[in-house]
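final20.cif (mmCIF, C-alpha atoms and all ligand atoms) appears below.
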```
data_query
loop_
_atom_site.label_atom_id
_atom_site.label_comp_id
_atom_site.auth_asym_id
_atom_site.auth_seq_id
_atom_site.Cartn_x
_atom_site.Cartn_y
_atom_site.Cartn_z
CA MET A 20 0.00 0.00 0.00
CA ASN A 21 2.82 2.37 0.89
CA GLU A 22 4.54 1.39 -2.32
CA ALA A 23 1.46 2.45 -4.30
CA ASP A 24 1.36 5.76 -2.41
CA SER A 25 5.06 6.31 -3.09
CA GLU A 26 4.44 5.72 -6.78
CA GLU A 27 1.67 8.32 -6.75
CA MET A 28 3.90 10.89 -5.02
CA LEU A 29 6.75 10.11 -7.40
CA LEU A 30 4.55 10.83 -10.40
CA HIS A 31 3.87 14.29 -9.00
CA LEU A 32 7.56 14.85 -8.42
CA PHE A 33 8.29 13.82 -12.02
CA GLY A 34 5.96 16.67 -12.96
CA PHE A 35 8.42 19.00 -11.23
CA GLY A 36 11.28 17.63 -13.31
CA TYR A 37 12.67 15.11 -10.86
CA GLN A 38 13.86 11.68 -11.95
CA GLN A 39 14.14 8.63 -9.76
CA THR A 40 17.42 7.44 -8.29
CA THR A 41 18.28 5.12 -5.46
CA VAL A 42 21.79 6.59 -5.11
CA LEU A 43 21.66 9.05 -2.23
CA ASN A 44 24.61 11.15 -3.36
CA GLU A 45 23.08 11.69 -6.80
CA ALA A 46 19.78 12.87 -5.31
CA ASP A 47 18.58 16.46 -4.96
CA LEU A 48 15.55 15.36 -3.00
CA VAL A 49 14.75 12.46 -0.67
CA LEU A 50 11.17 11.31 -0.29
CA ILE A 51 10.66 9.26 2.89
CA ASN A 52 7.29 7.56 2.80
CA THR A 53 6.68 6.22 6.29
CA CYS A 54 4.76 3.46 8.03
CA THR A 55 3.67 3.58 11.66
CA ILE A 56 1.96 0.22 11.97
CA ARG A 57 4.58 -0.94 14.46
CA ASP A 58 6.87 1.18 16.60
CA HIS A 59 9.92 -0.32 14.90
CA ALA A 60 8.86 0.97 11.45
CA GLU A 61 8.34 4.50 12.73
CA HIS A 62 11.62 4.43 14.59
CA ARG A 63 13.57 3.42 11.49
CA ALA A 64 12.02 6.21 9.43
CA LEU A 65 12.85 8.83 12.05
CA SER A 66 16.40 7.66 12.50
CA TYR A 67 16.90 7.78 8.71
CA LEU A 68 15.56 11.32 8.70
CA GLY A 69 18.01 12.16 11.49
CA ARG A 70 20.93 10.78 9.47
CA LEU A 71 19.94 12.89 6.46
CA GLU A 72 20.88 16.11 8.26
CA LYS A 73 24.49 15.61 7.20
CA TRP A 74 23.51 14.79 3.58
CA LYS A 75 21.41 17.92 3.36
CA GLY A 76 24.17 20.13 4.70
CA GLU A 77 26.64 18.86 2.09
CA LYS A 78 25.01 20.61 -0.87
CA GLN A 79 22.80 23.61 -1.29
CA ASP A 80 19.20 23.13 -2.40
CA ARG A 81 18.89 19.53 -1.25
CA LYS A 82 15.37 18.82 -0.06
CA ILE A 83 13.61 16.30 2.15
CA ILE A 84 9.95 15.28 2.14
CA PHE A 85 8.71 13.22 5.10
CA ALA A 86 5.36 11.66 4.17
CA GLY A 87 2.90 8.90 5.07
CA CYS A 88 1.48 7.40 8.25
CA ALA A 89 4.23 8.33 10.72
CA ALA A 90 4.09 11.89 9.33
CA GLU A 91 0.35 11.87 9.97
CA ARG A 92 0.73 10.58 13.52
CA LEU A 93 3.58 12.86 14.55
CA GLY A 94 2.59 15.95 12.55
CA LYS A 95 4.33 19.19 13.47
CA ALA A 96 6.52 17.46 16.07
CA VAL A 97 8.64 16.08 13.19
CA LYS A 98 9.49 19.52 11.82
CA LYS A 99 10.32 20.73 15.29
CA ARG A 100 12.67 17.86 16.04
CA PHE A 101 14.09 17.55 12.52
CA PRO A 102 14.23 21.00 10.91
CA GLN A 103 15.97 19.40 7.90
CA ALA A 104 12.55 18.13 6.72
CA ASP A 105 11.28 20.70 4.21
CA ILE A 106 7.81 19.21 3.89
CA VAL A 107 5.89 16.95 6.27
CA CYS A 108 2.87 15.48 4.52
CA GLY A 109 0.62 13.04 6.44
CA ALA A 110 -1.13 10.04 4.86
CA LYS A 111 -4.52 11.77 4.97
CA SER A 112 -3.12 14.59 2.81
CA LEU A 113 -1.88 12.36 -0.02
CA GLU A 114 -4.56 13.71 -2.35
CA LYS A 115 -3.37 17.24 -1.65
CA PHE A 116 0.28 16.33 -2.32
CA PRO A 117 0.59 18.29 -5.62
CA THR A 118 -0.95 21.40 -4.02
CA ILE A 119 1.34 21.05 -1.01
CA LEU A 120 4.34 20.93 -3.36
CA GLU A 121 3.15 23.97 -5.28
CA ASN A 122 2.29 25.99 -2.19
CA SER A 123 5.64 25.25 -0.59
CA SER A 124 7.27 27.45 -3.27
CA LEU A 125 10.22 25.06 -3.16
CA PHE A 126 9.35 23.60 -6.55
CA LYS A 127 8.43 24.99 -9.95
CA PRO A 128 6.17 22.75 -12.04
CA LEU A 129 7.32 21.69 -15.52
CA ASN A 130 4.70 20.98 -18.09
CA VAL A 131 6.12 17.62 -19.02
CA LYS A 132 5.42 14.20 -17.65
CA ILE A 133 8.43 11.95 -17.35
CA VAL A 134 7.62 8.29 -17.01
CA PRO A 135 10.30 6.45 -15.08
CA GLU A 136 12.13 3.76 -17.02
CA ASP A 137 11.42 1.17 -14.36
CA GLU A 138 7.71 1.51 -15.04
CA ASN A 139 8.31 -0.15 -18.41
CA LYS A 140 9.49 -3.37 -16.81
CA LYS A 141 7.05 -3.91 -13.96
CA ILE A 142 5.15 -7.17 -14.21
CA THR A 143 2.77 -6.29 -11.38
CA ALA A 144 1.04 -2.93 -11.29
CA GLN A 145 -0.50 -1.80 -8.04
CA VAL A 146 -3.82 -0.01 -8.18
CA SER A 147 -5.35 1.51 -5.04
CA ILE A 148 -9.10 1.01 -4.90
CA MET A 149 -9.76 2.27 -1.36
CA ARG A 150 -8.26 4.66 1.10
CA GLY A 151 -8.45 4.39 4.91
CA CYS A 152 -10.21 1.77 7.00
CA SER A 153 -13.47 1.73 8.97
CA CYS A 154 -12.68 -1.33 11.06
CA LYS A 155 -11.50 -0.66 14.56
CA CYS A 156 -9.17 -3.53 15.36
CA SER A 157 -8.07 -2.82 18.92
CA TYR A 158 -4.32 -2.85 18.19
CA CYS A 159 -4.28 -0.94 14.92
CA ILE A 160 -3.27 2.64 14.20
CA VAL A 161 -4.32 2.63 10.53
CA PRO A 162 -7.84 4.11 10.97
CA TYR A 163 -6.36 6.97 13.00
CA VAL A 164 -3.69 7.92 10.48
CA ARG A 165 -5.53 7.11 7.26
CA GLY A 166 -9.11 7.95 8.19
CA GLU A 167 -12.41 6.22 7.40
CA ALA A 168 -12.68 3.83 4.46
CA GLN A 169 -13.42 5.49 1.16
CA SER A 170 -13.91 3.63 -2.11
CA ILE A 171 -12.45 5.19 -5.26
CA PRO A 172 -14.92 5.51 -8.19
CA PRO A 173 -14.78 2.39 -10.39
CA GLU A 174 -14.27 4.40 -13.63
CA ILE A 175 -11.01 5.77 -12.22
CA ILE A 176 -9.83 2.34 -11.07
CA LEU A 177 -10.70 0.66 -14.37
CA GLU A 178 -9.01 3.39 -16.42
CA ASN A 179 -5.95 3.00 -14.23
CA CYS A 180 -6.00 -0.78 -14.78
CA ARG A 181 -6.38 -0.32 -18.55
CA ILE A 182 -3.39 2.02 -18.71
CA LYS A 183 -1.17 0.00 -16.39
CA SER A 184 -1.99 -3.37 -17.93
CA LYS A 185 -0.45 -2.21 -21.24
CA LYS A 186 2.92 -2.66 -19.52
CA SER A 187 2.03 -4.87 -16.57
CA PRO A 188 0.11 -8.11 -17.15
CA GLU A 189 -0.62 -8.56 -13.43
CA ILE A 190 -2.85 -6.12 -11.56
CA MET A 191 -2.79 -5.94 -7.76
CA LEU A 192 -5.82 -4.14 -6.31
CA LEU A 193 -5.06 -2.51 -2.98
CA GLY A 194 -7.05 -1.46 0.07
CA GLN A 195 -6.88 -2.04 3.84
CA THR A 196 -10.10 -4.06 3.65
CA VAL A 197 -9.98 -4.42 -0.11
CA ASN A 198 -12.99 -6.73 -0.35
CA ALA A 199 -15.19 -4.23 1.54
CA TYR A 200 -14.95 -2.04 -1.58
CA ASN A 201 -18.31 -0.56 -2.44
CA TYR A 202 -18.79 2.57 -4.50
CA LYS A 203 -22.45 3.53 -4.41
CA GLY A 204 -23.51 -0.12 -4.78
CA PHE A 205 -20.69 -1.06 -7.19
CA THR A 206 -19.23 -3.95 -5.20
CA PHE A 207 -15.79 -5.55 -4.96
CA THR A 208 -16.89 -8.66 -6.86
CA LYS A 209 -18.34 -6.51 -9.65
CA LEU A 210 -15.04 -4.64 -9.80
CA LEU A 211 -13.13 -7.93 -10.03
CA GLU A 212 -15.32 -9.00 -12.94
CA GLU A 213 -14.71 -5.74 -14.77
CA VAL A 214 -10.94 -5.85 -14.24
CA CYS A 215 -10.89 -9.42 -15.58
CA LYS A 216 -12.62 -8.22 -18.77
CA ILE A 217 -9.65 -6.00 -19.71
CA PRO A 218 -7.92 -8.02 -22.45
CA GLU A 219 -4.34 -7.05 -21.48
CA VAL A 220 -4.85 -8.15 -17.86
CA LYS A 221 -3.51 -11.68 -17.51
CA ARG A 222 -3.80 -12.04 -13.75
CA VAL A 223 -5.53 -10.21 -10.88
CA ARG A 224 -4.51 -10.19 -7.23
CA PHE A 225 -5.72 -8.09 -4.33
CA LEU A 226 -4.55 -7.13 -0.85
CA SER A 227 -5.65 -7.19 2.01
CA PRO A 228 -8.98 -8.97 2.12
CA HIS A 229 -10.72 -9.12 5.51
CA PRO A 230 -12.37 -12.47 6.36
CA VAL A 231 -15.58 -10.82 7.48
CA PHE A 232 -16.30 -9.44 4.00
CA ILE A 233 -15.89 -12.77 2.18
CA LYS A 234 -19.37 -13.82 1.08
CA ASP A 235 -20.81 -16.35 -1.38
CA ASP A 236 -20.67 -13.93 -4.33
CA PHE A 237 -16.88 -13.94 -3.96
CA TYR A 238 -16.60 -17.72 -4.45
CA LYS A 239 -18.83 -17.48 -7.50
CA VAL A 240 -16.81 -14.72 -9.17
CA VAL A 241 -13.60 -16.65 -8.54
CA GLN A 242 -15.02 -19.78 -10.17
CA ASP A 243 -16.12 -17.81 -13.22
CA ASN A 244 -12.86 -15.92 -13.70
CA LYS A 245 -9.67 -17.83 -14.23
CA LYS A 246 -7.67 -14.59 -14.28
CA ILE A 247 -8.15 -14.24 -10.52
CA ALA A 248 -5.03 -15.68 -8.90
CA ARG A 249 -5.54 -18.80 -6.79
CA HIS A 250 -3.89 -17.22 -3.80
CA LEU A 251 -5.28 -15.16 -0.97
CA HIS A 252 -3.32 -13.31 1.66
CA LEU A 253 -5.95 -13.50 4.38
CA PRO A 254 -4.80 -12.02 7.70
CA LEU A 255 -5.70 -14.26 10.64
CA GLN A 256 -4.03 -12.38 13.55
CA SER A 257 -4.86 -15.09 16.10
CA GLY A 258 -6.21 -18.64 16.15
CA SER A 259 -8.04 -18.08 19.43
CA THR A 260 -11.64 -16.90 19.20
CA LYS A 261 -11.26 -15.20 22.56
CA VAL A 262 -8.26 -13.16 21.42
CA LEU A 263 -9.95 -12.41 18.09
CA LYS A 264 -12.86 -11.01 20.06
CA ASP A 265 -10.53 -8.90 22.19
CA MET A 266 -8.90 -7.67 18.98
CA LYS A 267 -12.34 -6.79 17.54
CA ARG A 268 -11.60 -8.81 14.43
CA LEU A 269 -15.30 -9.68 13.92
CA TYR A 270 -14.84 -13.40 13.10
CA THR A 271 -14.20 -16.57 15.07
CA ALA A 272 -11.37 -19.03 14.51
CA GLU A 273 -13.93 -21.51 13.18
CA GLU A 274 -15.37 -19.02 10.69
CA TYR A 275 -11.87 -18.26 9.47
CA TYR A 276 -11.14 -21.96 9.02
CA ASN A 277 -14.35 -22.47 7.06
CA ILE A 278 -13.29 -19.77 4.61
CA VAL A 279 -9.91 -21.46 4.22
CA LYS A 280 -11.62 -24.81 3.55
CA ASN A 281 -13.85 -23.23 0.89
CA LEU A 282 -10.93 -21.53 -0.78
CA LYS A 283 -8.80 -24.66 -0.75
CA GLN A 284 -11.59 -26.54 -2.49
CA LEU A 285 -11.29 -23.94 -5.24
CA GLY A 286 -7.54 -24.63 -5.51
CA PHE A 287 -6.34 -21.66 -3.49
CA LEU A 288 -3.16 -21.34 -1.45
CA ILE A 289 -3.51 -19.10 1.58
CA SER A 290 -0.96 -16.92 3.32
CA THR A 291 -1.55 -14.79 6.36
CA ASP A 292 -0.53 -12.25 9.02
CA ILE A 293 -0.32 -13.25 12.68
CA ILE A 294 0.27 -11.11 15.77
CA VAL A 295 2.08 -12.84 18.61
CA GLY A 296 1.90 -11.66 22.21
CA TYR A 297 -1.31 -9.66 22.16
CA PRO A 298 -1.76 -8.57 25.83
CA THR A 299 -4.60 -11.02 26.52
CA GLU A 300 -2.94 -14.00 24.75
CA THR A 301 -2.34 -16.92 27.13
CA ASP A 302 -0.31 -20.08 26.44
CA GLU A 303 -3.55 -21.84 25.64
CA ASP A 304 -4.54 -19.12 23.13
CA PHE A 305 -1.15 -19.38 21.48
CA LYS A 306 -1.56 -23.17 21.24
CA GLN A 307 -4.83 -22.59 19.43
CA THR A 308 -3.04 -20.32 16.97
CA LEU A 309 -0.42 -23.00 16.33
CA ASN A 310 -3.10 -25.64 15.80
CA LEU A 311 -5.01 -23.47 13.37
CA VAL A 312 -1.82 -22.65 11.48
CA LYS A 313 -1.20 -26.40 11.04
CA LYS A 314 -4.78 -27.03 9.94
CA CYS A 315 -4.80 -24.18 7.45
CA GLY A 316 -1.40 -25.14 5.97
CA PHE A 317 -0.43 -21.58 5.08
CA SER A 318 1.97 -21.17 2.19
CA PHE A 319 3.53 -18.20 3.93
CA ALA A 320 2.97 -15.87 6.90
CA TYR A 321 4.15 -12.57 8.23
CA CYS A 322 4.42 -12.95 11.99
CA PHE A 323 4.63 -9.83 14.13
CA LYS A 324 5.27 -9.22 17.78
CA PHE A 325 2.49 -7.09 19.23
CA SER A 326 3.55 -3.45 19.20
CA PRO A 327 1.49 -1.04 21.33
CA ARG A 328 0.44 2.01 19.33
CA ALA A 329 -0.48 5.05 21.40
CA GLY A 330 -4.13 5.99 21.05
CA THR A 331 -5.36 2.46 20.27
CA PRO A 332 -7.35 0.56 22.94
CA ALA A 333 -4.82 -2.29 23.09
CA ALA A 334 -2.04 0.11 24.05
CA GLU A 335 -3.82 0.62 27.39
CA LEU A 336 -3.45 -3.07 28.30
CA LYS A 337 -0.61 -4.53 30.28
CA GLU A 338 1.92 -6.14 27.93
CA ILE A 339 3.06 -9.70 28.46
CA ALA A 340 6.72 -10.53 29.14
CA GLN A 341 8.93 -9.98 26.08
CA GLU A 342 10.79 -13.22 26.68
CA MET A 343 7.54 -15.13 26.39
CA VAL A 344 6.64 -13.26 23.21
CA GLU A 345 10.04 -14.03 21.65
CA ASN A 346 9.64 -17.66 22.55
CA ARG A 347 6.18 -17.89 20.98
CA LEU A 348 7.35 -16.06 17.89
CA ASN A 349 10.20 -18.52 17.33
CA ILE A 350 7.90 -21.52 17.71
CA LEU A 351 5.46 -19.96 15.26
CA LEU A 352 8.15 -19.09 12.73
CA ASN A 353 9.37 -22.70 12.74
CA GLU A 354 5.85 -23.96 12.17
CA ILE A 355 5.34 -21.51 9.30
CA ARG A 356 8.61 -22.60 7.66
CA GLU A 357 7.38 -26.18 7.73
CA CYS A 358 3.96 -25.26 6.32
CA SER A 359 5.56 -23.24 3.56
CA SER A 360 7.91 -26.06 2.62
CA LEU A 361 4.96 -28.47 2.47
CA ALA A 362 3.02 -26.05 0.26
CA TYR A 363 5.89 -26.01 -2.24
CA LYS A 364 6.39 -29.75 -2.19
CA SER A 365 2.66 -30.37 -2.65
CA ARG A 366 2.92 -28.90 -6.16
CA ILE A 367 5.37 -31.54 -7.45
CA GLY A 368 3.75 -33.37 -10.35
CA GLN A 369 1.08 -30.64 -10.77
CA LYS A 370 0.56 -28.31 -13.69
CA GLU A 371 0.94 -24.66 -12.69
CA GLU A 372 0.29 -21.48 -14.59
CA VAL A 373 3.47 -19.39 -14.26
CA LEU A 374 3.68 -15.69 -15.03
CA PHE A 375 7.34 -14.97 -15.79
CA GLU A 376 8.85 -11.94 -14.08
CA THR A 377 12.35 -12.45 -15.45
CA LYS A 378 13.50 -14.74 -18.23
CA ASN A 379 14.21 -17.51 -15.73
CA SER A 380 11.71 -17.06 -12.93
CA GLY A 381 8.11 -16.28 -12.20
CA ARG A 382 5.21 -16.89 -9.85
CA THR A 383 2.44 -19.43 -10.02
CA SER A 384 -1.19 -18.45 -9.66
CA GLY A 385 -0.90 -19.68 -6.04
CA ASN A 386 1.99 -17.21 -5.55
CA LEU A 387 4.84 -19.71 -5.32
CA TRP A 388 8.19 -19.05 -6.97
CA TYR A 389 9.24 -21.08 -10.00
CA ARG A 390 12.67 -21.14 -11.61
CA THR A 391 13.93 -22.65 -14.84
CA ALA A 392 17.17 -22.70 -16.84
CA ALA A 393 15.20 -22.28 -20.09
CA ALA A 394 14.90 -18.68 -21.33
CA LYS A 395 11.35 -17.34 -21.22
CA GLU A 396 9.91 -13.95 -22.00
CA ALA A 397 9.21 -11.73 -18.96
CA GLY A 398 5.46 -11.11 -18.87
CA SER A 399 4.54 -14.38 -20.59
CA LEU A 400 2.10 -16.81 -19.03
CA GLU A 401 2.79 -20.53 -19.39
CA GLU A 402 1.38 -23.79 -18.13
CA ILE A 403 4.27 -25.72 -16.57
CA LEU A 404 4.60 -29.21 -15.14
CA ILE A 405 6.40 -28.95 -11.79
CA LYS A 406 9.13 -31.57 -11.56
CA GLU A 407 10.78 -30.84 -8.25
CA SER A 408 10.96 -28.56 -5.23
CA ASP A 409 13.35 -28.15 -2.30
CA GLY A 410 10.55 -26.55 -0.28
CA LYS A 411 11.64 -23.04 -1.20
CA ILE A 412 11.25 -22.89 -4.95
CA LEU A 413 9.53 -24.88 -7.70
CA LYS A 414 11.46 -26.25 -10.67
N1 LIG B 1 -5.84 -4.32 6.84
C1 LIG B 1 -5.15 -5.51 6.99
C2 LIG B 1 -3.80 -5.39 7.62
C3 LIG B 1 -3.04 -4.12 7.57
S1 LIG B 1 -1.70 -3.94 8.65
C4 LIG B 1 -5.99 -6.46 7.86
O1 LIG B 1 -6.83 -6.08 8.58
O2 LIG B 1 -5.72 -7.60 7.85
C5 LIG B 1 -0.69 -5.32 8.31
C6 LIG B 1 -0.48 -6.23 9.46
O3 LIG B 1 0.25 -5.58 10.48
C7 LIG B 1 -1.74 -6.69 10.15
O4 LIG B 1 -2.37 -7.75 9.49
C8 LIG B 1 -1.23 -7.11 11.52
O5 LIG B 1 -0.85 -8.46 11.53
C9 LIG B 1 0.00 -6.23 11.71
N2 LIG B 1 -0.23 -5.22 12.74
C10 LIG B 1 -1.08 -4.19 12.72
N3 LIG B 1 -1.01 -3.48 13.87
C11 LIG B 1 -0.09 -4.12 14.65
C12 LIG B 1 0.42 -3.89 15.95
N4 LIG B 1 0.00 -2.89 16.71
N5 LIG B 1 1.35 -4.76 16.44
C13 LIG B 1 1.79 -5.79 15.68
N6 LIG B 1 1.33 -6.04 14.45
C14 LIG B 1 0.40 -5.23 13.93
FE1 LIG B 2 -6.05 -2.16 10.89
FE2 LIG B 2 -8.06 -3.82 11.28
FE3 LIG B 2 -8.26 -1.88 9.46
FE4 LIG B 2 -6.64 -3.93 9.02
S1 LIG B 2 -8.88 -4.02 9.21
S2 LIG B 2 -6.17 -1.78 8.71
S3 LIG B 2 -5.88 -4.38 11.04
S4 LIG B 2 -8.10 -1.61 11.64
#
```
Let's see the structure in the file written out as structure tokens.
Amino acid sequence: MNEADSEEMLLHLFGFGYQQTTVLNEADLVLINTCTIRDHAEHRALSYLGRLEKWKGEKQDRKIIFAGCAAERLGKAVKKRFPQADIVCGAKSLEKFPTILENSSLFKPLNVKIVPEDENKKITAQVSIMRGCSCKCSYCIVPYVRGEAQSIPPEIILENCRIKSKKSPEIMLLGQTVNAYNYKGFTFTKLLEEVCKIPEVKRVRFLSPHPVFIKDDFYKVVQDNKKIARHLHLPLQSGSTKVLKDMKRLYTAEEYYNIVKNLKQLGFLISTDIIVGYPTETDEDFKQTLNLVKKCGFSFAYCFKFSPRAGTPAAELKEIAQEMVENRLNILLNEIRECSSLAYKSRIGQKEEVLFETKNSGRTSGNLWYRTAAAKEAGSLEEILIKESDGKILK
């Protein structure tokens, strides 16, 4: 999601004559697009900003923009502590970014649009379909820094998909609760159908779906549209219904498992997000998470230690001992490694549709990596018989 926002901000900066570089010493401007979901992410962004003081002092006219969720949360305090930041632009102001640039009088607009070279090579194009989030998960800062959920008009999304699919055969639709998309009755499943109708689109993915918004119409649309990837990144957070309730996730462990069963019947692989060490998580709750992880057989998972975010209800609760959290996290990571290895090995002898991202590697519809010595064309889609796997890659 942040990547998509960065892309949007970059396009505006191209309009001011900037070109992209990843070499700091070549740059005249640094754009730091920040995340504040966990304390660690915010900390890293701020310490990078701190280090840039020296870089800025080395040459006249160097500029720094500090944007995104941490900028939203910290606001004016950033400018006060780090005067080297020329512009601080919070996540809620992303739409006003071009006006903020113009009003700052630091930049003069050019009337040309420079498309970055990298854009030509991207296999997956990200398209935001929603902004913000209206769920109120007890641990999460997103609704506070990004605001209420807002669906983008479908005409804009579809036009964006049409343009981007000319270069990128895979479209990734983005939103915090992407499947809650609804623009004046135009639903997420309708949007999926319309995106699939674009001839240049070879594959469609989306991130992050919320279990509570998966309904029967979703299964139907998936069955009717082979372009929809057979992979879902479906955040679980906890395998204990009690903890899920405390987290205000709005589903039970059993309901989550039923969705996984339905999706697996349709040939899906599922990956997930899990939070370890939520303040009310007991050993028994953690065991339930482990059991559910085994039952679901996730192909992959991001596992996070609970990070208290000021202003969220969960930040008021007493944290559990860090040692215990570390211990649980390690056990979980081992389990996930095993599940992931099994997911890879289960594809041996199967035919998989691979979308090549380089001439030697690509991803299957189920989002597993495939590699071959034969030279393929990046962007091509091929049906491949999987001969072997070491549990980390298909061959
Ligand atoms: N909207 C998505 C997730 C967005 S945030 C959803 O609801 O599933 C990405 C992930 O960060 C979450 O799934 C969660 O696992 C993790 N996360 C969010 N807040 C967190 C916190 N305070 N501590 C630890 N992990 C957190
Ligand atoms: Fe955060 Fe919950 Fe919204 Fe996801 S659904 S962004 S976890 S509040």
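Residues of protein, DNA or RNA having any atom at most 7 Å from ligand LIG 1 (chain B), counting only C-alpha atoms and all ligand atoms, are Ile56, Arg57, Tyr158, Cys159, Ile160, Gln195, Thr196, Ser227, Pro228, His229, Leu253, Pro254, Gln256, Asp292, Ile293, Ile294, Cys322, Phe323, Lys324, Phe325, Ser326, Pro327 and Arg328 of chain A.
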Can you tell me, as number ranges by chain, what residues are no more than 7 Å from stretch 83-90 of chain A when counting all atoms listed in the file, ignoring any on the same chain fewer than 5 positions away? A: 48-55, 61, 103-110, 164
Box time for ligand LIG 2 (chain B): axis-aligned, enclosing all its listed atoms, 8 Å extra on each side; report centre and edge lengths in Å to one decimal, as AutoDock Vina command-line options.
```
--center_x -7.4 --center_y -3.0 --center_z 10.2 --size_x 19.0 --size_y 18.8 --size_z 18.9
```
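If you measure from each of A:Lys411, A:Lys185, A:Arg150, A:Lys98 to ligand LIG 2 (chain B) using all atoms listed in the file, the closest one turns out to be A:Arg150.
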Given only C-alpha atoms and all ligand atoms as the basis, pick out the residue of A:Ile176, A:Ala340, A:Ala397, A:Leu226 nearest to ligand LIG 2 (chain B). A:Leu226
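The smallest atom-to-atom distance between ligand LIG 2 (chain B) and any of A:Pro298, A:Gly194, A:Gly69, A:Pro188, using all atoms listed in the file, is found for A:Gly194.
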